[in-house]
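Engineer: Got a file for you: input.cif, mmCIF, C-alpha atoms.
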data_entry
#
loop_
_atom_site.label_atom_id
_atom_site.label_comp_id
_atom_site.auth_asym_id
_atom_site.auth_seq_id
_atom_site.Cartn_x
_atom_site.Cartn_y
_atom_site.Cartn_z
CA MET D 18 74.24 69.63 94.24
CA LEU D 19 77.51 71.17 93.18
CA PRO D 20 80.69 69.15 93.50
CA SER D 21 82.44 70.48 96.59
CA THR D 22 85.92 70.38 95.14
CA TYR D 23 87.51 71.10 91.79
CA ASP D 24 89.80 68.07 91.88
CA ASP D 25 88.79 67.00 88.41
CA GLN D 26 89.26 70.54 87.13
CA ASN D 27 93.00 70.76 86.55
CA CYS D 28 92.77 74.49 85.94
CA SER D 29 94.83 77.23 87.54
CA VAL D 30 91.81 79.51 88.02
CA ALA D 31 89.90 76.70 89.73
CA ARG D 32 92.96 75.95 91.85
CA ALA D 33 93.09 79.60 92.98
CA LEU D 34 89.38 79.56 93.79
CA GLU D 35 89.76 76.47 95.93
CA ILE D 36 91.73 78.68 98.30
CA VAL D 37 90.26 82.16 97.87
CA GLY D 38 87.00 81.41 96.04
CA GLU D 39 84.80 81.98 99.04
CA ARG D 40 83.68 85.58 98.96
CA TRP D 41 84.45 86.43 102.56
CA THR D 42 87.91 84.95 102.11
CA ILE D 43 88.72 87.45 99.37
CA LEU D 44 87.38 90.27 101.53
CA LEU D 45 89.66 89.10 104.36
CA VAL D 46 92.64 89.35 102.02
CA ARG D 47 91.44 92.78 100.93
CA ASP D 48 91.23 93.94 104.55
CA ALA D 49 94.67 92.54 105.33
CA MET D 50 96.02 94.60 102.42
CA LEU D 51 94.40 97.66 103.99
CA GLY D 52 96.41 97.04 107.16
CA ILE D 53 93.89 95.12 109.28
CA ARG D 54 95.66 92.48 111.40
CA ARG D 55 93.57 91.63 114.44
CA PHE D 56 90.76 89.14 114.76
CA GLU D 57 88.43 91.72 116.34
CA ASP D 58 89.08 94.26 113.59
CA PHE D 59 88.39 91.72 110.82
CA GLN D 60 85.21 90.74 112.63
CA ALA D 61 84.01 94.32 113.09
CA ARG D 62 84.56 95.09 109.39
CA LEU D 63 82.98 91.96 107.95
CA GLY D 64 80.23 91.37 110.51
CA VAL D 65 80.67 87.59 110.40
CA SER D 66 80.47 85.26 113.38
CA ARG D 67 83.63 84.44 115.34
CA ALA D 68 83.29 80.79 114.29
CA VAL D 69 83.14 81.55 110.57
CA LEU D 70 85.95 84.09 110.77
CA SER D 71 88.12 81.69 112.75
CA ASP D 72 87.52 78.99 110.14
CA ARG D 73 88.34 81.26 107.18
CA LEU D 74 91.49 82.69 108.79
CA GLY D 75 92.56 79.14 109.70
CA GLN D 76 92.18 78.05 106.08
CA LEU D 77 94.24 80.99 104.85
CA VAL D 78 96.99 80.14 107.37
CA GLU D 79 96.85 76.48 106.37
CA HIS D 80 97.27 77.36 102.68
CA GLY D 81 100.15 79.72 103.40
CA VAL D 82 98.29 82.90 102.44
CA MET D 83 98.41 84.38 105.96
CA GLU D 84 100.62 83.96 108.99
CA ARG D 85 99.47 83.96 112.60
CA VAL D 86 102.04 85.90 114.59
CA ARG D 87 102.16 86.44 118.36
CA TYR D 88 102.55 90.11 119.17
CA GLN D 89 102.04 90.00 122.94
CA ARG D 90 102.72 87.61 125.85
CA ARG D 91 100.73 87.11 129.07
CA PRO D 92 98.13 86.96 127.80
CA ASP D 93 99.31 85.70 124.42
CA ARG D 94 97.78 87.72 121.62
CA TYR D 95 98.06 87.07 117.89
CA GLU D 96 97.64 88.97 114.68
CA TYR D 97 97.31 87.86 111.07
CA THR D 98 99.57 89.13 108.33
CA LEU D 99 99.79 88.29 104.64
CA THR D 100 102.67 86.09 103.52
CA GLU D 101 104.49 86.67 100.22
CA LEU D 102 101.99 84.28 98.63
CA GLY D 103 99.14 86.36 100.05
CA LEU D 104 100.64 89.62 98.81
CA GLU D 105 100.82 88.08 95.33
CA LEU D 106 97.01 88.24 95.24
CA TRP D 107 97.30 92.02 94.87
CA PRO D 108 96.83 92.17 91.08
CA ALA D 109 93.74 89.92 91.35
CA ILE D 110 92.23 92.01 94.18
CA LYS D 111 92.99 95.28 92.39
CA ALA D 112 91.53 93.96 89.11
CA LEU D 113 88.33 92.93 90.92
CA HIS D 114 88.28 96.35 92.61
CA GLU D 115 88.49 98.15 89.29
CA TRP D 116 85.79 96.01 87.73
CA GLY D 117 83.48 96.59 90.70
CA ALA D 118 84.28 100.32 90.66
CA SER D 119 83.26 100.49 86.99
CA LEU D 120 79.74 99.17 87.60
CA THR D 121 76.94 101.65 87.17
CA GLY D 122 75.24 102.86 90.31
CA HIS D 123 78.31 102.31 92.45
CA THR D 124 80.55 105.03 93.87
CA PRO D 125 83.92 103.55 94.81
CA PRO D 126 84.36 104.55 98.46
CA ARG D 127 88.11 104.44 98.32
CA GLN D 128 90.75 105.92 96.06
CA PHE D 129 94.23 104.58 95.44
CA ARG D 130 97.37 106.45 94.42
CA HIS D 131 100.97 105.60 93.72
CA ARG D 132 102.79 106.76 96.86
CA ASP D 133 105.71 108.27 94.93
CA CYS D 134 104.08 110.18 92.08
CA GLY D 135 100.35 110.33 92.90
CA GLY D 136 99.33 108.45 89.73
CA ARG D 137 96.51 105.93 89.69
CA PRO D 138 97.29 102.22 90.00
CA ARG D 139 95.68 100.17 87.23
CA ALA D 140 95.49 96.39 86.79
CA ALA D 141 96.03 95.10 83.27
CA VAL D 142 97.59 92.27 81.29
CA HIS D 143 100.75 93.06 79.34
CA CYS D 144 102.99 90.99 77.09
CA ASP D 145 106.29 90.22 78.84
CA LYS D 146 108.11 90.36 75.50
CA CYS D 147 106.80 93.35 73.53
CA GLY D 148 105.10 95.17 76.42
CA GLU D 149 101.78 95.63 74.62
CA GLU D 150 98.61 95.68 76.72
CA LEU D 151 96.66 92.54 75.85
CA THR D 152 92.92 91.95 75.68
CA VAL D 153 91.57 88.43 75.65
CA ASP D 154 91.44 88.64 71.83
CA ASP D 155 95.18 89.21 71.65
CA VAL D 156 95.94 85.95 73.43
CA VAL D 157 96.08 82.36 72.17
CA THR D 158 96.12 79.29 74.35
CA PHE D 159 97.27 75.68 74.08
CA PRO D 160 97.64 72.72 76.46
CA THR D 161 100.84 72.52 78.48
CA PRO D 162 102.95 69.73 76.93
CA GLY D 163 103.10 66.85 79.38
CA ALA D 164 100.53 68.25 81.81
CA PRO D 165 98.17 65.70 83.38
CA VAL D 166 95.18 65.13 81.14
CA SER D 167 92.11 66.36 82.98
CA ARG D 168 88.47 65.56 82.45
CA ILE D 169 88.20 68.99 80.91
CA ALA D 170 90.96 68.36 78.38
CA VAL D 171 89.11 65.26 77.23
CA LEU D 172 85.89 67.24 76.97
CA GLU D 173 87.70 69.94 75.04
CA GLU D 174 88.45 67.35 72.39
CA SER D 175 84.72 67.02 71.84
CA VAL D 176 84.17 70.76 71.43
CA GLY D 177 87.60 71.35 69.95
CA HIS D 178 86.23 72.45 66.59
CA GLU D 179 84.36 75.20 68.39
CA LEU D 180 87.37 76.35 70.38
CA ALA D 181 89.56 76.23 67.31
CA ARG D 182 87.09 78.37 65.39
CA GLU D 183 86.75 80.91 68.16
CA ARG D 184 90.31 81.13 69.29
CA PRO D 185 93.01 79.66 67.07
CA LEU D 186 95.63 77.72 69.00
CA LEU D 187 99.19 78.88 68.71
CA GLN D 188 101.61 76.12 67.78
CA PRO D 189 104.61 76.18 70.11
CA VAL D 190 107.67 77.21 68.13
CA ARG D 191 110.33 74.49 68.04
CA GLY D 192 113.88 75.85 68.14
CA MET V 67 74.93 82.67 109.45
CA LEU V 68 76.68 84.93 107.01
CA PRO V 69 74.86 87.99 105.76
CA SER V 70 73.65 87.11 102.29
CA THR V 71 74.43 90.46 100.71
CA TYR V 72 77.14 93.06 100.99
CA ASP V 73 74.74 96.00 100.98
CA ASP V 74 76.37 97.55 104.02
CA GLN V 75 79.80 97.00 102.49
CA ASN V 76 80.17 99.95 100.15
CA CYS V 77 83.33 98.47 98.66
CA SER V 78 84.15 97.94 95.00
CA VAL V 79 85.65 94.49 95.62
CA ALA V 80 82.52 93.43 97.50
CA ARG V 81 80.38 94.87 94.69
CA ALA V 82 82.29 92.80 92.12
CA LEU V 83 81.90 89.67 94.24
CA GLU V 84 78.15 90.17 94.47
CA ILE V 85 78.09 89.43 90.75
CA VAL V 86 81.01 87.06 90.17
CA GLY V 87 81.86 85.95 93.71
CA GLU V 88 80.33 82.54 93.36
CA ARG V 89 83.09 80.18 92.26
CA TRP V 90 81.23 78.50 89.43
CA THR V 91 80.30 81.91 88.11
CA ILE V 92 83.95 82.85 87.68
CA LEU V 93 84.63 79.51 85.98
CA LEU V 94 81.75 80.22 83.57
CA VAL V 95 83.37 83.52 82.64
CA ARG V 96 86.69 81.71 82.22
CA ASP V 97 85.08 79.15 79.89
CA ALA V 98 83.37 81.88 77.88
CA MET V 99 86.79 83.51 77.41
CA LEU V 100 88.06 80.16 76.09
CA GLY V 101 85.36 80.25 73.41
CA ILE V 102 82.63 78.12 75.00
CA ARG V 103 79.17 79.46 74.09
CA ARG V 104 76.57 76.73 74.38
CA PHE V 105 74.68 75.56 77.42
CA GLU V 106 75.61 71.90 76.83
CA ASP V 107 79.31 72.72 76.51
CA PHE V 108 79.34 74.76 79.72
CA GLN V 109 77.56 71.91 81.44
CA ALA V 110 79.94 69.24 80.15
CA ARG V 111 82.98 71.22 81.29
CA LEU V 112 81.72 72.17 84.74
CA GLY V 113 79.69 69.09 85.58
CA VAL V 114 76.96 71.11 87.31
CA SER V 115 73.25 70.43 87.11
CA ARG V 116 71.16 72.09 84.41
CA ALA V 117 69.21 73.97 87.08
CA VAL V 118 72.31 75.45 88.71
CA LEU V 119 73.90 76.31 85.38
CA SER V 120 70.69 77.92 84.14
CA ASP V 121 70.51 80.00 87.31
CA ARG V 122 74.15 81.17 87.10
CA LEU V 123 73.95 82.02 83.39
CA GLY V 124 70.69 83.87 84.04
CA GLN V 125 72.36 85.95 86.75
CA LEU V 126 75.24 86.83 84.45
CA VAL V 127 72.79 87.91 81.73
CA GLU V 128 70.78 89.92 84.26
CA HIS V 129 73.89 91.76 85.42
CA GLY V 130 75.01 92.48 81.87
CA VAL V 131 78.08 90.24 81.97
CA MET V 132 76.76 87.86 79.29
CA GLU V 133 74.29 88.07 76.43
CA ARG V 134 71.93 85.33 75.35
CA VAL V 135 71.87 85.33 71.56
CA ARG V 136 69.69 83.21 69.24
CA TYR V 137 71.84 81.47 66.64
CA GLN V 138 69.21 79.18 65.11
CA ARG V 139 65.45 79.20 64.39
CA ARG V 140 62.99 76.26 64.34
CA PRO V 141 63.87 75.10 66.83
CA ASP V 142 65.20 78.27 68.45
CA ARG V 143 68.65 77.74 69.89
CA TYR V 144 70.67 80.19 71.94
CA GLU V 145 74.28 80.73 72.89
CA TYR V 146 75.92 82.86 75.57
CA THR V 147 78.61 85.41 74.79
CA LEU V 148 80.48 87.84 76.99
CA THR V 149 79.49 91.50 76.79
CA GLU V 150 82.05 94.32 76.96
CA LEU V 151 81.50 94.33 80.72
CA GLY V 152 82.20 90.60 80.84
CA LEU V 153 85.36 90.93 78.76
CA GLU V 154 86.58 93.55 81.24
CA LEU V 155 86.93 90.73 83.79
CA TRP V 156 89.94 89.50 81.79
CA PRO V 157 92.65 91.07 84.01
CA ALA V 158 90.97 89.64 87.14
CA ILE V 159 90.67 86.15 85.61
CA LYS V 160 94.24 86.23 84.30
CA ALA V 161 95.56 87.43 87.68
CA LEU V 162 93.72 84.59 89.45
CA HIS V 163 95.09 82.19 86.84
CA GLU V 164 98.66 83.28 87.48
CA TRP V 165 98.28 83.05 91.22
CA GLY V 166 96.81 79.55 90.94
CA ALA V 167 99.53 78.55 88.48
CA SER V 168 102.20 79.64 90.98
CA LEU V 169 100.96 77.32 93.74
CA THR V 170 103.21 74.40 94.56
CA GLY V 171 102.04 70.98 93.45
CA HIS V 172 100.05 72.37 90.56
CA THR V 173 100.97 72.11 86.88
CA PRO V 174 99.07 74.72 84.87
CA PRO V 175 97.33 72.69 82.17
CA ARG V 176 97.17 75.55 79.76
CA GLN V 177 99.68 78.04 78.37
CA PHE V 178 98.94 81.50 77.01
CA ARG V 179 100.85 83.53 74.45
CA HIS V 180 100.52 86.92 72.80
CA ARG V 181 99.16 86.09 69.34
CA ASP V 182 101.41 88.60 67.58
CA CYS V 183 104.82 88.07 69.17
CA GLY V 184 104.58 84.83 71.18
CA GLY V 185 105.39 86.56 74.49
CA ARG V 186 103.71 85.60 77.75
CA PRO V 187 100.73 87.61 79.01
CA ARG V 188 101.19 88.76 82.58
CA ALA V 189 98.71 90.49 84.91
CA ALA V 190 100.12 93.31 87.04
CA VAL V 191 99.31 96.69 88.51
CA HIS V 192 101.05 99.69 86.98
CA CYS V 193 100.94 103.41 87.70
CA ASP V 194 99.04 105.25 84.96
CA LYS V 195 101.30 108.28 85.40
CA CYS V 196 104.91 107.05 85.72
CA GLY V 197 104.34 103.50 84.43
CA GLU V 198 106.09 101.82 87.35
CA GLU V 199 104.85 98.37 88.39
CA LEU V 200 103.24 98.74 91.80
CA THR V 201 103.11 96.33 94.74
CA VAL V 202 100.61 96.88 97.52
CA ASP V 203 103.36 98.69 99.47
CA ASP V 204 103.72 101.29 96.73
CA VAL V 205 100.09 102.32 97.00
CA VAL V 206 98.29 104.62 99.42
CA THR V 207 94.56 104.86 99.90
CA PHE V 208 92.04 107.42 101.13
CA PRO V 209 88.24 107.73 101.19
CA THR V 210 86.57 109.12 98.07
CA PRO V 211 85.51 112.69 98.94
CA GLY V 212 81.72 112.80 99.06
CA ALA V 213 81.19 109.04 98.83
CA PRO V 214 78.37 107.62 100.94
CA VAL V 215 79.60 106.86 104.44
CA SER V 216 79.42 103.12 104.94
CA ARG V 217 79.36 101.08 108.10
CA ILE V 218 82.93 100.20 107.28
CA ALA V 219 84.06 103.80 107.06
CA VAL V 220 82.67 104.39 110.54
CA LEU V 221 84.48 101.29 111.79
CA GLU V 222 87.67 102.44 110.16
CA GLU V 223 87.54 105.49 112.40
CA SER V 224 87.89 103.18 115.38
CA VAL V 225 90.91 101.37 113.97
CA GLY V 226 92.21 104.39 112.12
CA HIS V 227 95.38 104.65 114.17
CA GLU V 228 96.24 101.14 113.05
CA LEU V 229 95.56 101.83 109.40
CA ALA V 230 97.46 105.08 109.59
CA ARG V 231 100.46 103.32 111.11
CA GLU V 232 100.45 100.53 108.55
CA ARG V 233 99.62 102.48 105.46
CA PRO V 234 99.93 106.26 105.57
CA LEU V 235 97.08 108.02 103.83
CA LEU V 236 97.93 110.25 100.92
CA GLN V 237 96.52 113.73 101.23
CA PRO V 238 94.88 114.73 97.96
CA VAL V 239 96.96 117.51 96.40
CA ARG V 240 95.00 120.76 96.08
CA GLY V 241 95.83 122.73 92.96
#
Take the structure in this file and express it as structure tokens.
Structural biologist:
Amino acid sequence: MLPSTYDDQNCSVARALEIVGERWTILLVRDAMLGIRRFEDFQARLGVSRAVLSDRLGQLVEHGVMERVRYQRRPDRYEYTLTELGLELWPAIKALHEWGASLTGHTPPRQFRHRDCGGRPRAAVHCDKCGEELTVDDVVTFPTPGAPVSRIAVLEESVGHELARERPLLQPVRG
Amino acid sequence: MLPSTYDDQNCSVARALEIVGERWTILLVRDAMLGIRRFEDFQARLGVSRAVLSDRLGQLVEHGVMERVRYQRRPDRYEYTLTELGLELWPAIKALHEWGASLTGHTPPRQFRHRDCGGRPRAAVHCDKCGEELTVDDVVTFPTPGAPVSRIAVLEESVGHELARERPLLQPVRG
């Protein structure tokens, strides 16, 4: 059995996946970015049961990724829209889209363009200081000073020689 | 019951999630990017059973995301390294990391820096023509001409007015 939570994984990727790690959840966010707002439209696109969809949308609302907004009275009707936090998933969704689109044997069904100039949007990692595009090899990593020590950090001690060999740790510069 | 595959979802995000949509799978890719290579080290960090870990690593090898490489003979011992395809998940992993790191009540345990200049790596979507950073509102979308018509494309016809209202479709420019 897998552990059902990542509580002992004090990792920002794991924290993100606690909220949007379920596959259908990410596809719901994708659909919301495409302009889908209504329960019935989400359901028609994903083909999931009403119970599952209701649960997933409820979780997204609970975590502040979506908002449930009434758009009609008598009878009351609601739609789901992405919050600021939800919209901030855009680089992650676009990066997953590009990776999926690059797989052999797959024709991306949908194209994206910059509204203003017609260029192609592209997800990438850049340095906020020098602007260079960064691959994983251009990046070094070190523990946040003062962050809670997780089970993983302790385990990293035991394989630290390996990590250090593979990916030298940058020493924080002291001013 | 959820459908177990996304075969009728001809979508590049769904295609990506077929391979790396399982949460532990993404965390395996994360760990590989941190320099972890050996079965025992993956297992110690994730705390999953040998059977589950073996299955997930096998799937990643099968899909060309990781390679299983012998590093010792008598007895034979193997390690797992990311392929080019696996390394291309970096922007998606970093974007998920940043989103998780931004959540309230969470202290990112790990910092990243550009090896050369010490700046902070940041995942974002930029236009490949004008270079502008693009939010989801800056982007328009349209079906790939000639792409297989999916169940979703047919369904989009029925909610097309909604999509068109929310997110005007860019007409491809004809030269």
Engineer: Written as an MDAnalysis selection string, which residues does the PyMOL selection byres ((chain V) within 6 of (chain D)) give for the file shown?
Structural biologist: chainID V and resid 68 78:79 81:82 87 89 101 111 114 157:158 161:163 166:167 174:181 185:195 204:210 213 218 229 232
Engineer: On this file, the PyMOL selection byres ((chain D and resi 78) around 12) gives some set of residues; write that set as a short mmCIF file (atom, residue, chain, number, x, y, z; two decimals) with C-alpha atoms, in the coordinates of the input.
Structural biologist:
data_model
loop_
_atom_site.label_atom_id
_atom_site.label_comp_id
_atom_site.auth_asym_id
_atom_site.auth_seq_id
_atom_site.Cartn_x
_atom_site.Cartn_y
_atom_site.Cartn_z
CA ILE D 36 91.73 78.68 98.30
CA VAL D 37 90.26 82.16 97.87
CA THR D 42 87.91 84.95 102.11
CA LEU D 45 89.66 89.10 104.36
CA VAL D 46 92.64 89.35 102.02
CA SER D 71 88.12 81.69 112.75
CA ASP D 72 87.52 78.99 110.14
CA ARG D 73 88.34 81.26 107.18
CA LEU D 74 91.49 82.69 108.79
CA GLY D 75 92.56 79.14 109.70
CA GLN D 76 92.18 78.05 106.08
CA LEU D 77 94.24 80.99 104.85
CA GLU D 79 96.85 76.48 106.37
CA HIS D 80 97.27 77.36 102.68
CA GLY D 81 100.15 79.72 103.40
CA VAL D 82 98.29 82.90 102.44
CA MET D 83 98.41 84.38 105.96
CA GLU D 84 100.62 83.96 108.99
CA ARG D 85 99.47 83.96 112.60
CA VAL D 86 102.04 85.90 114.59
CA GLU D 96 97.64 88.97 114.68
CA TYR D 97 97.31 87.86 111.07
CA THR D 98 99.57 89.13 108.33
CA LEU D 99 99.79 88.29 104.64
CA THR D 100 102.67 86.09 103.52
CA LEU D 102 101.99 84.28 98.63
CA GLY D 103 99.14 86.36 100.05
#
Engineer: May I ask for the distance between atom CA of Arg136 of chain V and atom CA of Ala98 of chain V, given in Å to one decimal place?
Structural biologist: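 Spanning atom CA of Arg136 of chain V to atom CA of Ala98 of chain V is a straight-line distance of 16.2 Å.
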Engineer: What gap, in Å, lies between atom CA of Arg140 of chain V and atom CA of Leu119 of chain V?
Structural biologist: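 Separation of atom CA of Arg140 of chain V and atom CA of Leu119 of chain V: 23.7 Å.
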Engineer: Just to confirm, what's the straight-line distance from atom CA of Gly171 of chain V to atom CA of Asp97 of chain V in Å (one decimal)?
Structural biologist: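 Computing it gives 23.2 Å between the two atoms.
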Engineer: Box time for segment 116-133 of chain D: axis-aligned, enclosing all its listed atoms, 6 Å extra on each side; report centre and edge lengths in Å to one decimal, as lines of an AutoDock Vina configuration file.
Structural biologist:
center_x = 90.5
center_y = 102.1
center_z = 92.7
size_x = 42.5
size_y = 24.3
size_z = 23.5
